[in-house]
Each structure stands twice: as C-alpha cells, then as structure tokens.
Amino acid sequence: MKIKVTAISNREHNVKTTNKNMEKMYNLQLIMAQADDIQDKEPIEIIKMQRDMLHQSIDFLTTVLGLNKQEQDKLGDMEFKQTIEAVNYTFERMMGMSDADIALANKKEKAADKSDKD
C-alpha cells in the first residue's frame with residue numbers, strides 16, 4: 001500500500017503489511033499503551049517508558065516507511081506530537097483504513113470531544 005506522511009515528506013512510501021511490519025506495529029502499540037498507564041509508577045520509570053516510546057516510534061517510521069537519510073533527518077527534527085500523529089496515521093493505514101476513513105473518524109472524534117465539553 002502507498003502511505004504518504006506529509007509531515008515527513010511528499011513522497012509516497014510503499015508499505016507492506018508483512019508479519020515483521022505488523023509485529024513492529026503491535027509492539028509499538030503495546031509500548032504506547034503501557035506509557036499511558038503511569039499510575040503507581042516512579043518518575044524515573046515514566047521517563048524511561050516515554051524515552052523508549054520515542055525511540056521505538058522513530059525506529060518504526062524509519063523501518064516501515066523505508067525513510068531515506070533526508071527524511072530521517074526531518075523526522076529527527078519534528079515535534080514529538082507530530083511524530084506520534086505520523087505513527088498513528090501509519091497504524092491506521094496499515095490496519096486498512098483509507099484517508100477518507102481516517103478523516104471521518106477524526107471528525108467524529110472531534111464532534112464527540114466538543115459534545116463532552118458542552
């Protein structure tokens with residue numbers, strides 16, 4: 001499948017949902033879920049978990065998208081929030097969602113967030 005992460009480059013990356021790539025995705029999702037569960041964790045442990053999540057996110061995007069040196073440099077200079085958004089977008093595409101599906105899901109999520117605030 002073709003995945004274009006515009007925060008990294010304008011190039012479409014050919015991503016295969018091989019077992020290796022899917023395992024990388026699931027491993028990173030597990031790390032992200034564990035990083036969200038910080039209750040009863042010591043500050044040093046939380047920082048280590050967040051650092052590991054950052055390293056794994058960069059490795060995931062570099063490997064799965066097949067980033068070249070210029071794209072890797074751009075990824076290294078991105079804000080953390082942008083990096084996580086790129087990871088989540090790549091996850092969604094690898095799980096079979098189209099760009100239209102993702103846009104609709106994001107729209108519904110924003111509407112739900114807005115109604116929760118009202």
# chains A, B, ... in the order shown; residues from 1 in each chain; ligands from 1

call {"tool": "residues_around", "arguments": {"residues": "region 6-20 of chain A", "least_positions_apart": "6", "cutoff": "12 Å", "atoms": "only C-alpha atoms", "output": "ChimeraX atom specification"}}
result
/A:26-27,58,60-87,89-96

call {"tool": "write_last_selection", "arguments": {"atoms": "C-alpha atoms", "output": "short mmCIF file (atom, residue, chain, number, x, y, z; two decimals), in the first residue's frame"}}
result
data_model
loop_
_atom_site.label_atom_id
_atom_site.label_comp_id
_atom_site.auth_asym_id
_atom_site.auth_seq_id
_atom_site.Cartn_x
_atom_site.Cartn_y
_atom_site.Cartn_z
CA TYR A 26 1.75 -4.17 17.58
CA ASN A 27 4.93 -3.91 19.68
CA ILE A 58 11.32 6.74 15.26
CA PHE A 60 9.02 2.14 13.43
CA LEU A 61 8.57 5.02 11.00
CA THR A 62 12.13 4.70 9.65
CA THR A 63 11.82 0.97 9.05
CA VAL A 64 8.21 0.59 7.93
CA LEU A 65 8.22 3.64 5.65
CA GLY A 66 11.77 2.98 4.43
CA LEU A 67 12.88 6.54 5.13
CA ASN A 68 15.93 7.89 3.35
CA LYS A 69 18.58 9.98 5.12
CA GLN A 70 16.88 13.32 4.39
CA GLU A 71 13.52 12.00 5.68
CA GLN A 72 15.20 10.55 8.78
CA ASP A 73 16.77 13.95 9.48
CA LYS A 74 13.38 15.64 9.11
CA LEU A 75 11.82 13.06 11.45
CA GLY A 76 14.55 13.76 13.99
CA ASP A 77 13.71 17.47 13.88
CA MET A 78 9.93 17.02 14.20
CA GLU A 79 7.95 17.88 17.31
CA PHE A 80 7.02 14.89 19.47
CA LYS A 81 3.28 15.48 18.87
CA GLN A 82 3.82 15.41 15.09
CA THR A 83 5.80 12.18 15.43
CA ILE A 84 3.00 10.46 17.35
CA GLU A 85 0.44 11.73 14.82
CA ALA A 86 2.58 10.26 12.00
CA VAL A 87 2.81 6.95 13.86
CA TYR A 89 -1.69 7.69 10.85
CA THR A 90 0.63 4.91 9.70
CA PHE A 91 -1.05 2.48 12.13
CA GLU A 92 -4.49 3.34 10.74
CA ARG A 93 -3.38 2.94 7.14
CA MET A 94 -1.68 -0.39 7.91
CA MET A 95 -4.92 -1.60 9.52
CA GLY A 96 -6.76 -0.97 6.27
#

call {"tool": "select_by_dssp", "arguments": {"residues": "chain A", "states": "strand (DSSP E)", "output": "PyMOL selection string"}}
result
chain A and resi 2-3+13-14

call {"tool": "residues_around", "arguments": {"residues": "Met49 (chain A)", "least_positions_apart": "5", "cutoff": "9 Å", "atoms": "only C-alpha atoms", "output": "VMD selection string"}}
result
chain A and resid 31 to 32 34 to 35 44 54

call {"tool": "atom_distance", "arguments": {"atom1": "CA of Gln50 (chain A)", "atom2": "CA of Lys117 (chain A)"}}
result
28.5 Å

call {"tool": "closest_residue", "arguments": {"among": "A:Leu30, A:Met25, A:Val5, A:Met97", "to": "Asp59 (chain A)", "atoms": "only C-alpha atoms"}}
result
A:Met25

call {"tool": "select_by_dssp", "arguments": {"residues": "chain A", "states": "helix (DSSP H, G or I)", "output": "MDAnalysis selection string"}}
result
chainID A and resid 19:36 43:65 69:77 80:94 99:117

call {"tool": "atom_distance", "arguments": {"atom1": "CA of Lys48 (chain A)", "atom2": "CA of Glu23 (chain A)"}}
result
21.8 Å

call {"tool": "atom_distance", "arguments": {"atom1": "CA of Asp36 (chain A)", "atom2": "CA of Ser115 (chain A)"}}
result
23.9 Å

call {"tool": "decode", "arguments": {"residues": "chain A", "atoms": "C-alpha atoms", "output": "short mmCIF file (atom, residue, chain, number, x, y, z; two decimals), in the first residue's frame"}}
result
data_model
loop_
_atom_site.label_atom_id
_atom_site.label_comp_id
_atom_site.auth_asym_id
_atom_site.auth_seq_id
_atom_site.Cartn_x
_atom_site.Cartn_y
_atom_site.Cartn_z
CA MET A 1 0.00 0.00 0.00
CA LYS A 2 1.05 3.58 -0.54
CA ILE A 3 1.35 5.77 2.56
CA LYS A 4 2.21 9.46 2.33
CA VAL A 5 3.14 11.07 5.66
CA THR A 6 3.27 14.73 4.64
CA ALA A 7 4.92 15.79 7.92
CA ILE A 8 7.97 13.76 6.83
CA SER A 9 7.97 14.13 3.04
CA ASN A 10 5.82 14.44 -0.07
CA ARG A 11 6.94 11.01 -1.22
CA GLU A 12 4.54 8.08 -1.16
CA HIS A 13 6.08 5.17 0.71
CA ASN A 14 5.36 1.62 -0.37
CA VAL A 15 4.44 -0.16 2.88
CA LYS A 16 3.84 -3.87 3.04
CA THR A 17 1.82 -5.41 5.85
CA THR A 18 4.32 -8.21 6.30
CA ASN A 19 4.40 -10.13 9.54
CA LYS A 20 7.57 -8.23 10.52
CA ASN A 21 5.96 -4.84 9.93
CA MET A 22 2.75 -5.82 11.69
CA GLU A 23 4.74 -7.13 14.66
CA LYS A 24 6.60 -3.78 14.83
CA MET A 25 3.24 -2.02 14.80
CA TYR A 26 1.75 -4.17 17.58
CA ASN A 27 4.93 -3.91 19.68
CA LEU A 28 4.83 -0.12 19.45
CA GLN A 29 1.11 -0.05 20.25
CA LEU A 30 1.85 -2.09 23.37
CA ILE A 31 4.63 0.30 24.41
CA MET A 32 2.28 3.25 23.87
CA ALA A 33 -0.47 1.64 25.94
CA GLN A 34 2.00 0.92 28.74
CA ALA A 35 3.26 4.52 28.61
CA ASP A 36 -0.33 5.73 29.15
CA ASP A 37 -0.61 3.61 32.31
CA ILE A 38 1.56 5.72 34.62
CA GLN A 39 -0.42 5.33 37.81
CA ASP A 40 1.74 3.82 40.59
CA LYS A 41 4.93 4.36 38.55
CA GLU A 42 8.02 6.20 39.76
CA PRO A 43 9.07 9.33 37.82
CA ILE A 44 12.26 7.67 36.53
CA GLU A 45 10.28 4.70 35.27
CA ILE A 46 7.82 7.03 33.50
CA ILE A 47 10.65 8.93 31.79
CA LYS A 48 12.28 5.67 30.66
CA MET A 49 8.96 4.44 29.24
CA GLN A 50 8.43 7.70 27.34
CA ARG A 51 12.01 7.64 26.03
CA ASP A 52 11.55 4.04 24.85
CA MET A 53 8.28 5.03 23.15
CA LEU A 54 10.06 7.85 21.31
CA HIS A 55 12.92 5.59 20.18
CA GLN A 56 10.52 2.86 19.05
CA SER A 57 8.34 5.41 17.22
CA ILE A 58 11.32 6.74 15.26
CA ASP A 59 12.52 3.21 14.51
CA PHE A 60 9.02 2.14 13.43
CA LEU A 61 8.57 5.02 11.00
CA THR A 62 12.13 4.70 9.65
CA THR A 63 11.82 0.97 9.05
CA VAL A 64 8.21 0.59 7.93
CA LEU A 65 8.22 3.64 5.65
CA GLY A 66 11.77 2.98 4.43
CA LEU A 67 12.88 6.54 5.13
CA ASN A 68 15.93 7.89 3.35
CA LYS A 69 18.58 9.98 5.12
CA GLN A 70 16.88 13.32 4.39
CA GLU A 71 13.52 12.00 5.68
CA GLN A 72 15.20 10.55 8.78
CA ASP A 73 16.77 13.95 9.48
CA LYS A 74 13.38 15.64 9.11
CA LEU A 75 11.82 13.06 11.45
CA GLY A 76 14.55 13.76 13.99
CA ASP A 77 13.71 17.47 13.88
CA MET A 78 9.93 17.02 14.20
CA GLU A 79 7.95 17.88 17.31
CA PHE A 80 7.02 14.89 19.47
CA LYS A 81 3.28 15.48 18.87
CA GLN A 82 3.82 15.41 15.09
CA THR A 83 5.80 12.18 15.43
CA ILE A 84 3.00 10.46 17.35
CA GLU A 85 0.44 11.73 14.82
CA ALA A 86 2.58 10.26 12.00
CA VAL A 87 2.81 6.95 13.86
CA ASN A 88 -0.95 6.83 14.48
CA TYR A 89 -1.69 7.69 10.85
CA THR A 90 0.63 4.91 9.70
CA PHE A 91 -1.05 2.48 12.13
CA GLU A 92 -4.49 3.34 10.74
CA ARG A 93 -3.38 2.94 7.14
CA MET A 94 -1.68 -0.39 7.91
CA MET A 95 -4.92 -1.60 9.52
CA GLY A 96 -6.76 -0.97 6.27
CA MET A 97 -8.27 2.47 6.79
CA SER A 98 -8.33 4.82 3.82
CA ASP A 99 -7.59 8.54 4.11
CA ALA A 100 -11.34 9.18 3.87
CA ASP A 101 -12.00 6.69 6.71
CA ILE A 102 -9.37 8.39 8.86
CA ALA A 103 -10.76 11.87 8.14
CA LEU A 104 -14.28 10.72 9.05
CA ALA A 105 -13.08 9.07 12.28
CA ASN A 106 -11.19 12.24 13.24
CA LYS A 107 -14.26 14.37 12.51
CA LYS A 108 -16.43 12.11 14.69
CA GLU A 109 -13.83 12.18 17.48
CA LYS A 110 -13.70 16.00 17.43
CA ALA A 111 -17.50 16.19 17.49
CA ALA A 112 -17.62 13.80 20.45
CA ASP A 113 -14.95 15.84 22.27
CA LYS A 114 -16.93 19.02 21.65
CA SER A 115 -20.18 17.50 22.94
CA ASP A 116 -18.38 16.27 26.08
CA LYS A 117 -17.32 19.85 26.84
CA ASP A 118 -20.86 21.22 26.45
#
